[in-house]
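Novice: So that you have it, the file is run18.cif, and it contains mmCIF, C-alpha atoms:
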```cif
data_data
#
loop_
_atom_site.label_atom_id
_atom_site.label_comp_id
_atom_site.auth_asym_id
_atom_site.auth_seq_id
_atom_site.Cartn_x
_atom_site.Cartn_y
_atom_site.Cartn_z
CA MET A 9 0.00 0.00 0.00
CA ALA A 10 2.90 2.37 0.76
CA GLU A 11 4.22 1.89 -2.76
CA ALA A 12 0.78 2.59 -4.15
CA LEU A 13 0.57 5.83 -2.15
CA SER A 14 3.98 6.80 -3.46
CA ASN A 15 2.70 6.25 -6.98
CA LEU A 16 -0.25 8.49 -6.17
CA ALA A 17 2.14 11.26 -5.23
CA THR A 18 3.73 10.95 -8.66
CA LYS A 19 0.28 11.11 -10.27
CA ASP A 20 0.30 7.43 -11.25
CA LEU A 21 -3.33 6.82 -10.26
CA SER A 22 -3.76 3.51 -12.04
CA ALA A 23 -1.27 1.61 -9.83
CA TRP A 24 -2.72 3.09 -6.67
CA ARG A 25 -6.29 2.29 -7.71
CA GLN A 26 -5.32 -1.32 -8.42
CA ALA A 27 -3.64 -1.71 -5.03
CA SER A 28 -6.43 0.00 -3.14
CA GLN A 29 -9.22 -1.98 -1.51
CA PHE A 30 -11.63 0.72 -2.68
CA THR A 31 -13.01 1.38 -6.14
CA ILE A 32 -11.98 4.83 -7.24
CA ARG A 33 -13.22 6.35 -10.46
CA LEU A 34 -12.31 9.55 -12.20
CA ARG A 35 -15.24 11.80 -13.10
CA THR A 36 -14.69 10.95 -16.75
CA GLU A 37 -15.03 7.19 -16.20
CA PRO A 38 -18.37 5.36 -16.39
CA ASP A 39 -19.11 3.39 -13.24
CA ARG A 40 -21.33 0.82 -14.94
CA PRO A 41 -20.58 -0.46 -18.42
CA GLY A 42 -23.60 0.01 -20.65
CA VAL A 43 -25.50 2.21 -18.18
CA SER A 44 -25.42 5.89 -18.89
CA HIS A 45 -25.66 8.53 -16.20
CA LEU A 46 -28.77 10.63 -16.17
CA PRO A 47 -28.47 14.28 -15.27
CA MET A 48 -29.66 15.00 -11.75
CA THR A 49 -32.86 16.97 -11.50
CA ASN A 50 -34.51 18.69 -8.56
CA VAL A 51 -37.76 16.83 -9.16
CA PRO A 52 -38.90 14.21 -6.65
CA ILE A 53 -39.81 10.75 -7.92
CA ASP A 54 -43.55 10.17 -7.51
CA LEU A 55 -43.79 6.50 -6.55
CA ALA A 56 -47.61 6.50 -6.62
CA GLY A 57 -47.50 7.82 -10.18
CA LYS A 58 -44.93 5.21 -11.18
CA PHE A 59 -47.16 2.42 -9.83
CA LEU A 60 -50.12 3.81 -11.81
CA SER A 61 -48.12 3.65 -15.05
CA PHE A 62 -47.99 -0.16 -15.36
CA SER A 63 -50.11 -3.18 -14.51
CA GLU A 64 -47.97 -6.31 -14.92
CA HIS A 65 -46.95 -8.36 -11.89
CA TRP A 66 -43.45 -9.65 -11.05
CA SER A 67 -41.85 -7.26 -13.57
CA PRO A 68 -39.64 -4.73 -11.73
CA LYS A 69 -39.21 -1.27 -13.26
CA VAL A 70 -36.15 0.88 -12.58
CA VAL A 71 -37.13 4.34 -11.29
CA ALA A 72 -33.75 5.62 -10.06
CA ARG A 73 -30.06 4.77 -9.92
CA LEU A 74 -27.91 5.12 -6.83
CA ASN A 75 -24.20 4.47 -7.40
CA ASP A 76 -24.05 0.86 -8.62
CA TYR A 77 -27.59 0.12 -7.41
CA GLU A 78 -31.03 0.49 -8.92
CA VAL A 79 -34.23 1.45 -7.16
CA LYS A 80 -37.12 -0.50 -8.68
CA VAL A 81 -40.88 -0.53 -8.25
CA VAL A 82 -42.79 -3.76 -8.69
CA LYS A 83 -46.33 -5.04 -8.40
CA LEU A 84 -46.63 -8.52 -6.91
CA LYS A 85 -49.56 -10.91 -6.85
CA GLY A 86 -49.66 -14.66 -6.30
CA GLU A 87 -46.67 -16.88 -5.63
CA PHE A 88 -43.26 -16.31 -7.19
CA VAL A 89 -40.55 -18.98 -7.60
CA TRP A 90 -38.11 -20.23 -5.00
CA HIS A 91 -34.76 -18.68 -5.87
CA THR A 92 -31.48 -17.31 -4.54
CA HIS A 93 -29.22 -14.41 -5.40
CA ASP A 94 -25.74 -15.81 -4.77
CA ASP A 95 -23.90 -12.50 -5.12
CA THR A 96 -26.17 -9.95 -3.47
CA ASP A 97 -28.67 -9.20 -0.74
CA GLU A 98 -32.18 -8.18 -1.81
CA LEU A 99 -34.18 -5.42 -0.12
CA PHE A 100 -38.00 -5.44 -0.15
CA LEU A 101 -39.89 -2.33 1.04
CA VAL A 102 -43.68 -2.69 1.01
CA ILE A 103 -45.60 0.43 -0.02
CA ASP A 104 -49.09 -1.09 -0.25
CA GLY A 105 -50.55 -4.51 0.52
CA GLU A 106 -49.13 -7.43 2.46
CA LEU A 107 -46.16 -9.49 1.29
CA THR A 108 -44.92 -12.74 2.75
CA ILE A 109 -41.37 -13.76 2.01
CA GLN A 110 -41.15 -17.49 2.49
CA LEU A 111 -37.80 -18.71 3.79
CA ARG A 112 -36.81 -22.33 4.41
CA ASP A 113 -36.61 -21.64 8.16
CA GLY A 114 -39.75 -19.49 8.52
CA ASP A 115 -41.79 -16.76 6.85
CA VAL A 116 -41.47 -12.97 7.11
CA THR A 117 -44.64 -10.94 6.60
CA LEU A 118 -44.37 -7.30 5.59
CA ARG A 119 -47.04 -4.61 5.70
CA PRO A 120 -46.92 -1.04 4.34
CA GLY A 121 -43.88 0.83 5.59
CA GLN A 122 -42.00 -2.35 6.52
CA MET A 123 -38.91 -3.73 4.84
CA PHE A 124 -36.78 -6.84 4.93
CA VAL A 125 -33.38 -7.69 3.52
CA VAL A 126 -32.94 -11.23 2.24
CA PRO A 127 -29.24 -12.04 2.71
CA ARG A 128 -27.24 -13.20 -0.30
CA GLY A 129 -27.47 -16.90 -0.94
CA VAL A 130 -30.68 -17.38 1.09
CA GLU A 131 -33.39 -19.22 -0.80
CA HIS A 132 -36.69 -17.34 -0.69
CA CYS A 133 -40.09 -17.18 -2.37
CA PRO A 134 -42.25 -14.04 -2.19
CA ILE A 135 -46.01 -14.59 -2.09
CA ALA A 136 -48.86 -12.06 -2.11
CA ASP A 137 -52.53 -13.01 -1.70
CA GLY A 138 -53.65 -9.60 -2.99
CA GLU A 139 -51.77 -7.05 -5.06
CA VAL A 140 -48.68 -5.61 -3.38
CA HIS A 141 -46.72 -2.52 -4.39
CA ALA A 142 -43.08 -2.74 -3.34
CA VAL A 143 -39.74 -1.03 -3.82
CA LEU A 144 -36.62 -3.10 -4.41
CA ILE A 145 -33.05 -1.90 -4.09
CA GLU A 146 -30.52 -4.10 -5.87
CA PRO A 147 -27.21 -3.87 -7.69
CA VAL A 148 -27.38 -3.19 -11.41
CA GLY A 149 -27.98 -6.37 -13.39
CA VAL A 150 -29.78 -8.47 -10.77
CA VAL A 151 -32.27 -10.85 -12.39
CA ASN A 152 -35.56 -11.10 -10.50
CA THR A 153 -35.58 -14.92 -10.49
CA GLY A 154 -31.94 -15.19 -9.43
CA SER A 155 -30.44 -18.52 -10.42
CA ALA A 156 -33.85 -20.22 -10.84
CA GLY A 157 -34.78 -18.71 -14.22
CA GLY A 158 -38.13 -19.70 -15.71
CA THR A 159 -41.20 -18.04 -17.13
CA LEU A 160 -41.35 -15.33 -14.43
CA THR A 161 -37.91 -13.98 -15.34
CA ALA A 162 -38.56 -10.33 -16.22
CA ALA A 163 -36.87 -8.43 -19.01
CA TYR A 164 -34.77 -5.46 -17.87
CA ASP A 165 -37.00 -2.37 -17.83
CA ASP A 166 -35.70 1.13 -17.15
CA SER A 167 -38.47 2.87 -19.10
CA LEU A 168 -39.70 4.70 -15.99
CA VAL A 169 -36.37 6.43 -15.22
#
```
Do you think you could lay out the structure here as structure tokens?

Specialist:
Amino acid sequence: MAEALSNLATKDLSAWRQASQFTIRLRTEPDRPGVSHLPMTNVPIDLAGKFLSFSEHWSPKVVARLNDYEVKVVKLKGEFVWHTHDDTDELFLVIDGELTIQLRDGDVTLRPGQMFVVPRGVEHCPIADGEVHAVLIEPVGVVNTGSAGGTLTAAYDDSLV
């Protein structure tokens, strides 16, 4: 690390960035390949309006980006598939309705204003008796069905950004 800091002093950023435990990007570098930055605006995101703009279930829609994460809205109804996300945790925040996240060692039930983080690698299956509106926060590129795949795998949708 000392050598890397020495390189920094001589303006050799690439060696220091490689040796560092942190990811450091210059302002001119993209932080996500294939994902462009949107200019920041001083307009709040109207979640209720976003939920009114689509009707399909189990098809998350990106509404904002936060560093290497995406904030998604999703409507849920019925039972999803048992799946895992081996490389990431998954955050569920219920806005409307009641969502049960089935886990192999017990269920977690969420009501409006409640959230739960499913740890990476934990098999889970969301289920909603009625329609649920939820917010998900996940790294860019997370597939909704994780490693399970199948007919409920949603196409990437950032049309609401």

Novice: Which residues, named as in the file, does the PyMOL selection byres ((chain A and resi 118) around 6) pick out? Answer as a PyMOL selection string.

Specialist: chain A and resi 106-107+117+119+122

Novice: So which one's closest to Asp94 of chain A, A:Pro127, A:Gly138, A:Gly121, A:Pro147? Using all atoms listed in the file, please.

Specialist: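 Among A:Pro127, A:Gly138, A:Gly121, A:Pro147, it is A:Pro127 that comes nearest to Asp94 of chain A.
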
Novice: Which residues come within 10 Å of Phe62 of chain A, counting only C-alpha atoms, excluding same-chain residues fewer than 3 positions away, as a count of residues only?

Specialist: 9

Novice: Take atom CA of Leu111 of chain A and atom CA of Ala162 of chain A and report the distance between them in Å, one decimal.

Specialist: 21.7 Å

Novice: Measure the distance from atom CA of Asp54 of chain A to atom CA of Val125 of chain A in Å and round it to one decimal.

Specialist: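 Separating atom CA of Asp54 of chain A from atom CA of Val125 of chain A is a distance of 23.3 Å.
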
Novice: Would you mind reading off the distance between atom CA of Val81 of chain A and atom CA of Leu99 of chain A, one decimal, in Å?

Specialist: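 So the answer is 11.6 Å.
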
Novice: What's around Arg128 of chain A at 8 Å? Count only C-alpha atoms, leave out sequence neighbours fewer than 2 positions away in its own chain, and write the answer as a ChimeraX atom specification.

Specialist: /A:92-98,126,130

Novice: Hey, what's within 7 Å of Glu139 of chain A if we count only C-alpha atoms and toss same-chain stuff fewer than 5 positions away? As an mmCIF file with C-alpha atoms, in the coordinates of the input, please?

Specialist:
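Here's the written file around-v2.cif:
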```
data_model
loop_
_atom_site.group_PDB
_atom_site.id
_atom_site.type_symbol
_atom_site.label_atom_id
_atom_site.label_comp_id
_atom_site.auth_asym_id
_atom_site.auth_seq_id
_atom_site.Cartn_x
_atom_site.Cartn_y
_atom_site.Cartn_z
ATOM 1 C CA LYS A 83 -46.330 -5.040 -8.400
ATOM 2 C CA LEU A 84 -46.630 -8.520 -6.910
ATOM 3 C CA LYS A 85 -49.560 -10.910 -6.850
ATOM 4 C CA GLY A 105 -50.550 -4.510 0.520
#
```

Novice: So that I can see what lies close to Thr49 of chain A, please list as a list in words the residues with an atom at most 12 Å from it, counting all atoms listed in the file and leaving out residues fewer than 3 positions away in the same chain.

Specialist: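 Using all atoms listed in the file, the neighbours found are Leu46, Pro52, Ile53, Ala72 and Val169 of chain A.
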
Novice: Using only C-alpha atoms, find the one residue out of A:Val51, A:Val89, A:Leu74, A:Leu101 that sits nearest to Val148 of chain A.

Specialist: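 Checking each candidate against Val148 of chain A, we get A:Leu74 as the closest.
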
Novice: Please expand the PyMOL selection byres ((chain A and resi 91) around 8) into the concrete residues it hits in this file, giving the result as number ranges by chain.

Specialist: A: 89-90, 92-93, 131-133, 153-156

Novice: Counting all atoms listed in the file, figure out which residue out of A:Ala163, A:Gln110, A:Val71, A:Asp137 gets nearest to Val150 of chain A.

Specialist: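 Of all the options, A:Ala163 lies closest to Val150 of chain A.
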
Novice: Which residue gives the smallest distance to Leu160 of chain A among A:Pro120, A:Pro68, A:Glu146, A:Ile103, with all atoms listed in the file counted?

Specialist: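 When distances to Leu160 of chain A are compared using all atoms listed in the file, the smallest one comes from A:Pro68.
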
Novice: So which one's closest to Glu87 of chain A, A:Asn152, A:Thr108, A:Thr161, A:Asn50? Using all atoms listed in the file, please.

Specialist: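 Ranked by minimum distance to Glu87 of chain A, first place goes to A:Thr108.
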